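Peer 1: Once you've had a glance at the structure underneath, I'll fire off some questions.
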Amino acid sequence: MQNSHFFVTGDPMIYGADVSIALVSVAIIFYLTYFKKWGWLWREWITTVDHKKIGIMYLISALLMLFRGGVDAILMRIQLAVPNSHFLASEHYNEIFTTHGTIMILFMAMPFMFALFNIVVPLQIGARDVAYPFLNSVSFWLFFLGAMLFNISFVVGGSPNAGWLSYPPLSENDFSPGPGQNFWIWGIQISGIGSLMTGINFVVTILKMRTPTMRLRDMPLFSWSVLSSSIAILGVFPILTVTLVMLTIDRLLGGHFFTMTAGGNPMMWVNLIWMWGHPEVYIVVLPAFGVYSEVVATFSRKRIFGYSSMVFSMIAISVVSYYTWVHHFFTMGAGANVNIVFAICTMIIAIPTGVKVFNWLFTMYRGRIRITQPMLWVMAFVPCFLVGGATGVMLAAAPADYQYHNSYFLIAHFHQVLIGGVVFGYIAGMYYWFPKIFGFKLNERLGKWGFWLWQIGFYVCFMPQYALGFMGMTRRIYTYNDSMGWDMGWAPLNYISTIGAFLMGIGFIFQVWQILYSIKHGERDVTGDIWDGRTLEWSIPSPAPAYNFAILPVVKGRDAWWYQKEEMQKGNVHKEAVKYEPIHMPNNTGIPFIMSVFWFIAGFGFTFEWMWMGIAGLIGVALTLFARSFQYNTDHYIPVEEIEKTEKARKNYGSVHRTAN
Amino acid sequence: MSNHEHTANMKAYTTGFALSIILTIIPIILVLNHLLSKTALVVSILLAAVLQFVVQLFFFMHIRDGEGPRYNVMALILGIIFVVTIVAGAIWIMSFNSQVQ
Amino acid sequence: MQQSISAHVSDHTQGHEDQEGIKLLGFWIFLVTDCLLFATFFAAYAVLHTHTNGGFTASEFNVPNFIIETFILLISSFTSGIAVLNMHKGNKKGLTQWLIVTAVLGAVFVGLEVKEFMDMAAEGATLSQSAFLTSFFSLVGAHGLHVSFGIFWMIGILVQLSRRGITPVTKRKISMVSLYWHFLDAVWIFIFSVVYLMGVM
Amino acid sequence: MVYLNSTFYYHDSRNSIPLYFVKGDLTLRKWIQTAKLSFLALLGMALLSGCDKSNFIVLNPKGPVGQQELDLIIISVILCAIIILPVLGIFVYIVIRYRDKPGNKAPYQPEWADSKILEVIWWGIPIIIVAILGVYTAKTTINLTKPPVKDVKPIVVQVTSLDWKWMFTYPDKKIATVNYAEIPAGVPVQFILTSDAPMNSFWVPQLGGQEYTMPGMAMGLWLQADKIGEYFGSGANFTGKGFAHMQFRVKSVTQDDFNQWAAGIKKNSPALTDKGYKQLSKPGLEKELSFSSYPKGLYEDIVNKNGGTYYDHMSHMGDMGSQSSMSSMKMEDKK
Ligand code: HEA
Ligand code: HEA
Ligand code: CUA
Ligand SMILES: [Cu+2]
């Protein structure tokens, strides 16, 4: 690697980015130093093992990455708006769609999902923490530094440009030499290991940390969705890890897993990466389904309809999604029998998904629907996901897919399920639990602006893309000529699509404004139960105290808090004096952060093929692991006086544990 | 989990050890002496391996220990299903044994 | 009434004691995901094992070497079991000794494997020679790295054991490492059968 | 049908950049012009082009393969619509009827959360639909592995995707072309696909769906044009820098014209030598080219050097003249 190529050069946009990144960094450093915030940052955030704070850090990262991926999207749409555009050069466009796809799925959807896992699950199951708080912090920092490693490729070394799933041999040394592709490998590898740990963490949390009276069949559906998504994570992230290791072996050590020469087989990559990649999209959509279930029930003032079939269908989706990966390469000619089996397995997913849709509808049926912000996004989700899912089923008909594959029809399908299913869901979840996290509600008026801009923008952007697919427009082309643009009719539709992207961008700006505005002016949540909720997280104050529950709640069925409130209204609740006990909590620790920094160093070293640095980083990782294993003072007790003080400060909260029959 | 009832005792370990030695030697003998046809050989090697895996699980890893829901057993079963899917699926798909379209 | 029950149960779940059980379950799940990791390497090996690029083929493996390796690992699995038995009996000395035996056997195993790899490399059969060799070295090497990691882990535990004796924490750690060791033995059985035996068959 | 003019392709030497990429002012003018036009587009042109059925080339097939795929597309749209549209209707109805506003008389049953009958209905209907669609999918999948018509002798065209161009070799005629292919109308064509570069995908929407071109593999794709015409084709799987320019043209002509065309090429065009192929396969763009001959065994060598020797069925790569159709039959018998 020559040093002259270390900094990406040659493009004014990149210089602009360099300058703005430098300026922002200087500003942050100045702010932290001037206001003496370094210690605060270290103590309160970097070393925290509190799942709520980790959740907040995930949330902030996800929003930042949505912005980054969104800027990529806008740039692509500008380039494609008209034929023969030279706003972006070919290589630059290729980098942008690669980073757009990678960032949106791995560094936006995943952390957004983990944000909700962390913020909601322990509160919903009446736990004081996740099963492994230390590991949780490791997961976050691995994700974060992996994402940062990926993002610096923009200014140092060059971005990857072989597509978000980087098919070899294009992604091998022969065709993509240099650090760009390595950034992709290591950014995903490091954060992927973090995701795998999160999966383990939440499976065990849900199985083992529920408040002792909560049976699995009383558990709220969001937590069920987390369980099913985490199981899928356990099933597929190891495959991703190994597949990336294989590409690393090819690129770094001269191996031949996927090369064109020496017997390598690029198809094996396609096969393996989709074994992970397909379930991955269901991993991100399942928790969104969980959000819908919570929001719909709350704002219809009704029990969720068909609870058991909701649970069953989620588990079914997470398992059956393991058997559909070939639908991403029907056109590879693996054989009629292979295609038929996987086509039918793919269509089968539509059945449990449909059941969920029907159950949501019937939750609203004979309910009382309050159209609040979270509910708005849920109502936008239904039609969008229905149509996107239906086009998915059309894609699943293998021979029809020979015509859709890699066309804009496909692009339209997956944006419709990814945005309509995943993004809408997470945004709904964010609005729903925002008061719980921060103690105030997000402004409705600005939110509505954001909402409608997103909605209109979405359909204006992506509906024309279905038509473009039928017109033969393939994905990943940085430009098209006049003949395609005018004679074949691609140009007008692309232009419209670009307008839609801008509308979504403006919608996003409204949402950012909304958050900033609400920090000052947002309606404060003084009850802890601002939506008249049904599940345990609404029985404690907003924001929740460090230990979540002073006394573990007693749960007698589903929607525990809702029925508790009914009892309280009927006057069946006798306030007893409660006797607190000291609460056992984990200590803050800097090791996760330090370990992740070593991972970053290792990843950076291997990216530039500076083996000394890579190995040094790995040794650092091993040493921190070792240090941790010798750490014995890992926890403390919160004394009773402190709990009493905190609990006294809360006035009118009802609390589930005060039930007495 | 480890604090409850233990199936771990010297007898179990020795039995397990003896079984695994036997299950290793059988395929070695079969292979080195070319005793069976190719398919039969592959089947017996795999069979011995699977049996030995079971021996490890029961005699060494004490899969039966513990109380309450057997989450570890469930995880293992799911894991085995996934393992079979990954390996068998890859072999099947990558064999490209027919022409399509 | 309800109240007191809940308080009791909660102490049980959130207290130290069960914390160790929770960690063990997590470790078990981790092992299952590790299985998938090996499964993926196996899948690649199964698909690529005939792609020899005119070089080294699976029939040329060093038969005595891999048979010895196999028995050493089998024995070490047994000795790690004996170590755990000693732990349950509270016999710190026996525990330490058998752990050391296990680690030493593991080191011999790794040594033999390194020798095998070096011999192959000396014949020109390197990782970059063919897709078959890439997948072979990756699969077997991944196992070897796991074993090496296990050895270091055992050393770390031995140090803690000498300092603190048999406590709930060291107990859990020893249970984990022995579980890990049996697991590596189980993986090896498949490498032995599928890679080596079927290779020389 | 889509008319393709040759401005599509780069004019002179490879790696050069076509005029409209360099000339900034030209592009600026185009921007303005396009902006104006696009306002019209917003109002009418989208609709116009939308109504202009011929632009939807996927929905406007010119051969039996594309037609079968279109049939399946239509079936799948209908089957999905049968369920999706009513659900959308129910959704709108429920949201309007059960809004929480004062004086809403609609029933409110907050505890009603289970119904066996309903469960059976909404597990049942999707199962039936998936079953029907599954059967059609399976049928079409199997059909497409066979030549579209049985009684006409097929021809073989070998396709090699390169960085960033398409090479077609005709084993029967021993001629080669780049970035365009001619085929006889009404005759099943067995395209045999490989790549001497990162994998691409061979797609001629009006003739039928695509299939990957993969290094080291020779995969078969049956297509057929019923009438004469000229069809848009493109690479559909991303291969890097020049990928966006990998369009090609497939022209179907009568059998006589086809023979004449081939004879003309044999007579008038230069030969493709080993050296010439090496040059051709280097990364870069290329205009349409024709060659009167190509090195013997070129295609087989390409497949084999990229790993073809590891796949036994790949030995039938079509360079067997009239036998080719038989060999592909044999492949089917095998499975
Ligand atoms: C969150 C993300 C997400 C979700 C939920 C889905 C859901 C589905 N997807 Fe999608 N998909 C992607 C993300 C997602 N997908 C991405 C990112 C890609 C492309 C990646 C790339 O190439 O870069 C892709 C690509 C993709 C392909 C590959 C196409 C190709 O490359 O050529 C296929 C093919 O089968 C497919 C099918 C499906 C199906 C059948 C569903 C189903 O799960 C949908 C089920 C839902 C419904 C059907 C609606 C509700 C159901 C009812 C009301 C019941 C009754 C309905 C019927 C019986 C029809 N998807
Ligand atoms: C969750 C995943 C996700 C999300 C949310 C999105 C969101 C968007 N995507 Fe993306 N997309 C993918 C996942 C996702 N995408 C994937 C996986 C690919 C495949 C990549 C590949 O081929 O390898 C892809 C590819 C892809 C393409 C195809 C590129 C190609 O093949 O050549 C296009 C083209 O239109 C596109 C557009 C958009 C747009 C307009 C949005 C919008 O919704 C974005 C809206 C958000 C914003 C705009 C953020 C705010 C921005 C600002 C505030 C900036 C300033 C604003 C203005 C100037 C208005 N995406
Ligand atoms: Cu993929 Cu042949
Ligand atoms: Cu998929």
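Order determines the names: the first chain of the structure tokens is A, the second B, and so forth; residues in each chain are numbered 1 upward, and ligands are numbered 1 upward as they are shown.
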What residues in chain C lie within 6 Å of chain B, counting only C-alpha atoms, written as a list in words?

Peer 2: Gly21, Val32, Leu36, Ala39, Ala43, Ala186 and Met201 of chain C

Peer 1: Can you tell me which residues sit at most 6 Å away from ligand 3, counting only C-alpha atoms and all ligand atoms, written as a list of chain:residue names?

Peer 2: A:Met267, A:Met332, D:Met214, D:Met217

Peer 1: Hey, can you spit out that residue selection with all heavy atoms as a short mmCIF file (atom, residue, chain, number, x, y, z; two decimals), in the first residue's frame?

Peer 2:
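The result, written out as result.cif:
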```cif
data_model
loop_
_atom_site.label_atom_id
_atom_site.label_comp_id
_atom_site.auth_asym_id
_atom_site.auth_seq_id
_atom_site.Cartn_x
_atom_site.Cartn_y
_atom_site.Cartn_z
N MET A 267 -19.08 -19.23 -6.78
CA MET A 267 -20.48 -19.52 -6.46
C MET A 267 -20.65 -19.89 -5.01
O MET A 267 -21.70 -19.71 -4.43
CB MET A 267 -20.99 -20.70 -7.29
CG MET A 267 -20.85 -20.52 -8.76
SD MET A 267 -21.59 -19.01 -9.25
CE MET A 267 -20.19 -18.10 -9.75
N MET A 332 -28.79 -18.70 -11.07
CA MET A 332 -27.46 -19.29 -11.13
C MET A 332 -27.54 -20.67 -11.76
O MET A 332 -26.52 -21.31 -12.01
CB MET A 332 -26.87 -19.37 -9.73
CG MET A 332 -25.37 -19.48 -9.72
SD MET A 332 -24.69 -19.08 -8.12
CE MET A 332 -24.71 -20.67 -7.36
N MET D 214 -20.85 -17.49 -15.57
CA MET D 214 -19.95 -17.69 -14.44
C MET D 214 -18.63 -18.28 -14.89
O MET D 214 -18.61 -19.20 -15.71
CB MET D 214 -20.62 -18.62 -13.43
CG MET D 214 -21.92 -18.01 -12.92
SD MET D 214 -22.87 -19.13 -11.90
CE MET D 214 -23.51 -20.26 -13.10
N MET D 217 -17.78 -22.19 -15.65
CA MET D 217 -19.00 -22.96 -15.82
C MET D 217 -19.59 -22.65 -17.18
O MET D 217 -19.42 -21.57 -17.72
CB MET D 217 -20.01 -22.62 -14.75
CG MET D 217 -19.50 -22.95 -13.38
SD MET D 217 -20.75 -22.62 -12.17
CE MET D 217 -20.01 -23.38 -10.75
#
```

Peer 1: What is the distance, in Å and to one decimal place, between atom CA of Ser162 of chain C and atom CA of His584 of chain A?

Peer 2: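 One can read the atom CA of Ser162 of chain C to atom CA of His584 of chain A distance as 28.0 Å.
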
Peer 1: Ranking D:Pro110, D:Gly276, D:Pro188, D:Gly235 by minimum distance to chain A and counting only C-alpha atoms, which one comes first?

Peer 2: D:Pro110

Peer 1: Within 12 Å of Gly111 of chain C, counting only C-alpha atoms, which residues qualify if same-chain residues fewer than 3 places away don't, as a compact mmCIF listing (two decimals) with all heavy atoms, in the first residue's frame?

Peer 2:
```
# COMPACT_ATOMS: atom_id res chain seq x y z
N ASN C 65 0.30 -39.93 11.39
CA ASN C 65 0.24 -38.66 12.09
C ASN C 65 -1.19 -38.34 12.53
O ASN C 65 -1.43 -38.01 13.69
CB ASN C 65 0.77 -37.56 11.18
CG ASN C 65 1.20 -36.33 11.96
OD1 ASN C 65 2.15 -36.40 12.73
ND2 ASN C 65 0.47 -35.25 11.78
N PHE C 66 -2.13 -38.44 11.64
CA PHE C 66 -3.49 -38.02 12.05
C PHE C 66 -4.12 -39.04 12.99
O PHE C 66 -4.95 -38.68 13.82
CB PHE C 66 -4.36 -37.66 10.85
CG PHE C 66 -4.90 -38.78 10.01
CD1 PHE C 66 -5.90 -39.61 10.49
CD2 PHE C 66 -4.44 -38.97 8.72
CE1 PHE C 66 -6.43 -40.62 9.69
CE2 PHE C 66 -4.96 -39.98 7.92
CZ PHE C 66 -5.95 -40.81 8.42
N ILE C 68 -2.43 -40.65 15.35
CA ILE C 68 -1.87 -40.31 16.66
C ILE C 68 -2.55 -39.06 17.21
O ILE C 68 -2.96 -39.00 18.37
CB ILE C 68 -0.34 -40.10 16.56
CG1 ILE C 68 0.32 -41.42 16.16
CG2 ILE C 68 0.22 -39.61 17.88
CD1 ILE C 68 1.78 -41.27 15.82
N GLU C 69 -2.69 -38.05 16.34
CA GLU C 69 -3.36 -36.82 16.77
C GLU C 69 -4.73 -37.13 17.38
O GLU C 69 -5.09 -36.62 18.43
CB GLU C 69 -3.58 -35.88 15.57
CG GLU C 69 -2.39 -35.01 15.22
CD GLU C 69 -2.66 -34.20 13.96
OE1 GLU C 69 -3.80 -33.73 13.77
OE2 GLU C 69 -1.74 -34.06 13.16
N ILE C 72 -4.50 -38.73 20.81
CA ILE C 72 -4.07 -37.77 21.83
C ILE C 72 -5.23 -36.88 22.26
O ILE C 72 -5.47 -36.65 23.45
CB ILE C 72 -2.90 -36.93 21.29
CG1 ILE C 72 -1.65 -37.79 21.25
CG2 ILE C 72 -2.66 -35.70 22.17
CD1 ILE C 72 -0.45 -37.11 20.71
N VAL C 104 -1.08 -30.19 28.38
CA VAL C 104 0.13 -30.71 27.73
C VAL C 104 -0.26 -31.57 26.53
O VAL C 104 0.30 -31.44 25.43
CB VAL C 104 0.99 -31.49 28.72
CG1 VAL C 104 2.09 -32.26 28.01
CG2 VAL C 104 1.59 -30.54 29.75
N LEU C 105 -1.24 -32.45 26.72
CA LEU C 105 -1.69 -33.27 25.59
C LEU C 105 -2.17 -32.37 24.45
O LEU C 105 -1.88 -32.62 23.27
CB LEU C 105 -2.82 -34.20 26.03
CG LEU C 105 -2.39 -35.40 26.88
CD1 LEU C 105 -3.60 -36.13 27.44
CD2 LEU C 105 -1.55 -36.35 26.05
N GLY C 106 -2.88 -31.32 24.82
CA GLY C 106 -3.34 -30.38 23.79
C GLY C 106 -2.16 -29.78 23.05
O GLY C 106 -2.17 -29.66 21.82
N ALA C 107 -1.12 -29.43 23.79
CA ALA C 107 0.05 -28.82 23.16
C ALA C 107 0.72 -29.81 22.22
O ALA C 107 1.15 -29.46 21.11
CB ALA C 107 1.02 -28.34 24.22
N VAL C 108 0.79 -31.08 22.62
CA VAL C 108 1.38 -32.09 21.74
C VAL C 108 0.55 -32.21 20.46
O VAL C 108 1.08 -32.27 19.35
CB VAL C 108 1.44 -33.46 22.45
CG1 VAL C 108 1.92 -34.54 21.48
CG2 VAL C 108 2.35 -33.37 23.65
N VAL C 114 1.09 -28.78 13.63
CA VAL C 114 2.01 -27.83 13.00
C VAL C 114 3.03 -28.58 12.17
O VAL C 114 3.34 -28.21 11.03
CB VAL C 114 2.70 -26.97 14.09
CG1 VAL C 114 3.84 -26.17 13.48
CG2 VAL C 114 1.69 -26.06 14.75
N LYS C 115 3.52 -29.70 12.70
CA LYS C 115 4.50 -30.49 11.96
C LYS C 115 3.90 -30.98 10.65
O LYS C 115 4.52 -30.87 9.58
CB LYS C 115 4.93 -31.68 12.81
CG LYS C 115 5.95 -32.56 12.12
CD LYS C 115 6.32 -33.77 12.99
CE LYS C 115 7.03 -34.85 12.20
NZ LYS C 115 6.21 -35.52 11.21
N GLU C 116 2.68 -31.47 10.73
CA GLU C 116 2.02 -31.94 9.51
C GLU C 116 1.92 -30.82 8.48
O GLU C 116 2.25 -31.01 7.31
CB GLU C 116 0.61 -32.46 9.86
CG GLU C 116 -0.13 -33.02 8.67
CD GLU C 116 -1.63 -33.19 8.94
OE1 GLU C 116 -2.10 -32.67 9.96
OE2 GLU C 116 -2.29 -33.82 8.11
N PHE C 117 1.51 -29.66 8.95
CA PHE C 117 1.37 -28.53 8.02
C PHE C 117 2.72 -28.17 7.40
O PHE C 117 2.83 -27.88 6.21
CB PHE C 117 0.79 -27.31 8.76
CG PHE C 117 -0.69 -27.40 9.04
CD1 PHE C 117 -1.38 -28.58 8.81
CD2 PHE C 117 -1.39 -26.31 9.53
CE1 PHE C 117 -2.75 -28.67 9.08
CE2 PHE C 117 -2.76 -26.38 9.79
CZ PHE C 117 -3.43 -27.56 9.57
N MET C 118 3.76 -28.18 8.24
CA MET C 118 5.08 -27.81 7.73
C MET C 118 5.56 -28.82 6.70
O MET C 118 6.11 -28.46 5.67
CB MET C 118 6.09 -27.74 8.88
CG MET C 118 5.65 -26.85 10.01
SD MET C 118 6.50 -25.29 10.05
CE MET C 118 7.98 -25.76 10.90
N GLY C 144 -7.31 -26.07 15.04
CA GLY C 144 -6.04 -25.94 15.76
C GLY C 144 -5.98 -24.65 16.56
O GLY C 144 -5.52 -24.64 17.70
N LEU C 145 -6.48 -23.57 15.97
CA LEU C 145 -6.49 -22.30 16.70
C LEU C 145 -7.38 -22.39 17.92
O LEU C 145 -7.04 -21.88 18.99
CB LEU C 145 -6.98 -21.17 15.79
CG LEU C 145 -5.96 -20.61 14.80
CD1 LEU C 145 -6.59 -19.54 13.93
CD2 LEU C 145 -4.76 -20.04 15.55
N VAL C 147 -7.96 -25.07 19.64
CA VAL C 147 -7.25 -25.85 20.66
C VAL C 147 -6.20 -24.98 21.33
O VAL C 147 -6.07 -24.97 22.56
CB VAL C 147 -6.63 -27.11 20.03
CG1 VAL C 147 -5.78 -27.85 21.05
CG2 VAL C 147 -7.71 -28.02 19.48
N SER C 148 -5.46 -24.21 20.51
CA SER C 148 -4.42 -23.37 21.11
C SER C 148 -5.04 -22.37 22.07
O SER C 148 -4.52 -22.15 23.17
CB SER C 148 -3.67 -22.61 20.02
OG SER C 148 -3.33 -23.46 18.97
```

Peer 1: Output the contact residues of chain A with respect to chain B at a cut-off of 8 Å, based on only C-alpha atoms, as a PyMOL selection string.

Peer 2: chain A and resi 235+267-268+271-272+275+333-336+338

Peer 1: Could you please extract the residues within 10 Å of ligand 4, counting only C-alpha atoms and all ligand atoms, and hand them back as an MDAnalysis selection string?

Peer 2: chainID A and resid 274:282 321:329 346 392 395:396 414

Peer 1: How close does chain A get to ligand 1? List, as a Markdown table, each residue of chain A within 7 Å, its nearest atom pair and the distance in Å to one decimal, counting only C-alpha atoms and all ligand atoms.

Peer 2:
```
| residue | atom | partner | partner_atom_place_in_ligand_line | distance |
| --- | --- | --- | --- | --- |
| A:Trp164 | CA | ligand 1 | 23 (O) | 6.9 |
| A:Val281 | CA | ligand 1 | 2 (C) | 4.3 |
| A:Tyr282 | CA | ligand 1 | 1 (C) | 5.5 |
| A:Val284 | CA | ligand 1 | 1 (C) | 6.0 |
| A:Val285 | CA | ligand 1 | 1 (C) | 4.8 |
| A:His327 | CA | ligand 1 | 35 (O) | 4.6 |
| A:His328 | CA | ligand 1 | 28 (C) | 4.2 |
| A:Phe329 | CA | ligand 1 | 31 (O) | 6.3 |
| A:Ala343 | CA | ligand 1 | 35 (O) | 6.5 |
| A:Thr346 | CA | ligand 1 | 40 (C) | 5.2 |
| A:Met347 | CA | ligand 1 | 40 (C) | 5.1 |
| A:Ile349 | CA | ligand 1 | 43 (O) | 5.2 |
| A:Ala350 | CA | ligand 1 | 45 (C) | 3.9 |
| A:Ile351 | CA | ligand 1 | 54 (C) | 5.4 |
| A:Thr353 | CA | ligand 1 | 51 (C) | 5.3 |
| A:Gly354 | CA | ligand 1 | 54 (C) | 3.3 |
| A:Val355 | CA | ligand 1 | 54 (C) | 6.6 |
| A:Val357 | CA | ligand 1 | 53 (C) | 6.2 |
| A:Phe385 | CA | ligand 1 | 49 (C) | 6.2 |
| A:Leu386 | CA | ligand 1 | 49 (C) | 4.2 |
| A:Val387 | CA | ligand 1 | 49 (C) | 6.7 |
| A:Gly388 | CA | ligand 1 | 49 (C) | 6.9 |
| A:Gly389 | CA | ligand 1 | 47 (C) | 3.5 |
| A:Ala390 | CA | ligand 1 | 48 (C) | 4.4 |
| A:Gly392 | CA | ligand 1 | 38 (C) | 3.6 |
| A:Val393 | CA | ligand 1 | 40 (C) | 3.9 |
| A:Leu395 | CA | ligand 1 | 34 (C) | 4.2 |
| A:Ala396 | CA | ligand 1 | 35 (O) | 3.1 |
| A:Ala397 | CA | ligand 1 | 35 (O) | 6.7 |
| A:Asp401 | CA | ligand 1 | 32 (O) | 5.3 |
| A:Tyr404 | CA | ligand 1 | 32 (O) | 5.7 |
| A:His405 | CA | ligand 1 | 32 (O) | 3.3 |
| A:Asn406 | CA | ligand 1 | 32 (O) | 5.7 |
| A:Leu410 | CA | ligand 1 | 29 (C) | 5.9 |
| A:Ile411 | CA | ligand 1 | 19 (C) | 7.0 |
| A:His413 | CA | ligand 1 | 11 (N) | 6.7 |
| A:Phe414 | CA | ligand 1 | 12 (C) | 4.3 |
| A:Val417 | CA | ligand 1 | 3 (C) | 5.0 |
| A:Leu418 | CA | ligand 1 | 1 (C) | 4.4 |
| A:Gly421 | CA | ligand 1 | 1 (C) | 6.1 |
| A:Val422 | CA | ligand 1 | 1 (C) | 5.8 |
```

Peer 1: For chain D versus chain C, which residues have an atom no more than 9 Å away, and what is each residue's nearest atom pair and distance in Å rounded to one decimal, using only C-alpha atoms, chain-then-number order, as a tab-separated table?

Peer 2:
```
residue	atom	partner	partner_atom	distance
D:Gly307	CA	C:His51	CA	8.3
D:Thr309	CA	C:His51	CA	8.9
D:Tyr310	CA	C:His51	CA	6.4
```

Peer 1: Go ahead and write the residues just picked, all heavy atoms, as a CSV table (one decimal), in the first residue's frame.

Peer 2:
```csv
chain,number,residue,atom,x,y,z
D,307,GLY,N,-11.6,-23.2,-14.3
D,307,GLY,CA,-12.0,-24.2,-13.4
D,307,GLY,C,-13.0,-25.1,-13.9
D,307,GLY,O,-13.6,-26.0,-13.2
D,309,THR,N,-12.7,-27.7,-15.5
D,309,THR,CA,-12.4,-29.2,-15.4
D,309,THR,C,-13.0,-29.8,-14.2
D,309,THR,O,-13.0,-31.0,-14.1
D,309,THR,CB,-10.8,-29.3,-15.3
D,309,THR,OG1,-10.4,-28.3,-14.4
D,309,THR,CG2,-10.2,-29.0,-16.7
D,310,TYR,N,-13.4,-29.0,-13.2
D,310,TYR,CA,-13.9,-29.6,-12.0
D,310,TYR,C,-15.4,-29.9,-12.1
D,310,TYR,O,-16.0,-30.5,-11.1
D,310,TYR,CB,-13.7,-28.6,-10.8
D,310,TYR,CG,-12.3,-28.3,-10.6
D,310,TYR,CD1,-11.8,-27.0,-10.7
D,310,TYR,CD2,-11.4,-29.3,-10.2
D,310,TYR,CE1,-10.4,-26.8,-10.6
D,310,TYR,CE2,-10.0,-29.1,-10.0
D,310,TYR,CZ,-9.6,-27.8,-10.2
D,310,TYR,OH,-8.2,-27.5,-10.0
```

Peer 1: Ligand 2: which residues are within 8 Å, counting only C-alpha atoms and all ligand atoms? Reply as an MDAnalysis selection string.

Peer 2: chainID A and resid 66:71 73:74 76:77 80 93:94 97:105 108:109 162:166 408 411 414:415 418:419 422:423 458 461:462 465 474:478 497:498 500:509

Peer 1: Please identify all polymer residues within 7 Å of Gly290 of chain A, counting only C-alpha atoms, omitting same-chain residues fewer than 4 positions from it, and present them as a PyMOL selection string.

Peer 2: chain A and resi 221-222+225+286+294

Peer 1: Where in segment 323-553 of chain A does DSSP assign helix (DSSP H, G or I), given as number ranges by chain?

Peer 2: A: 323, 325-328, 330-332, 336-364, 373-396, 398-404, 408-438, 444-470, 482-487, 490-521, 536-539

Peer 1: How many Å separate atom CA of Ser309 of chain A from atom CA of Lys356 of chain A?

Peer 2: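 That distance, rounded to one decimal, is 8.0 Å.
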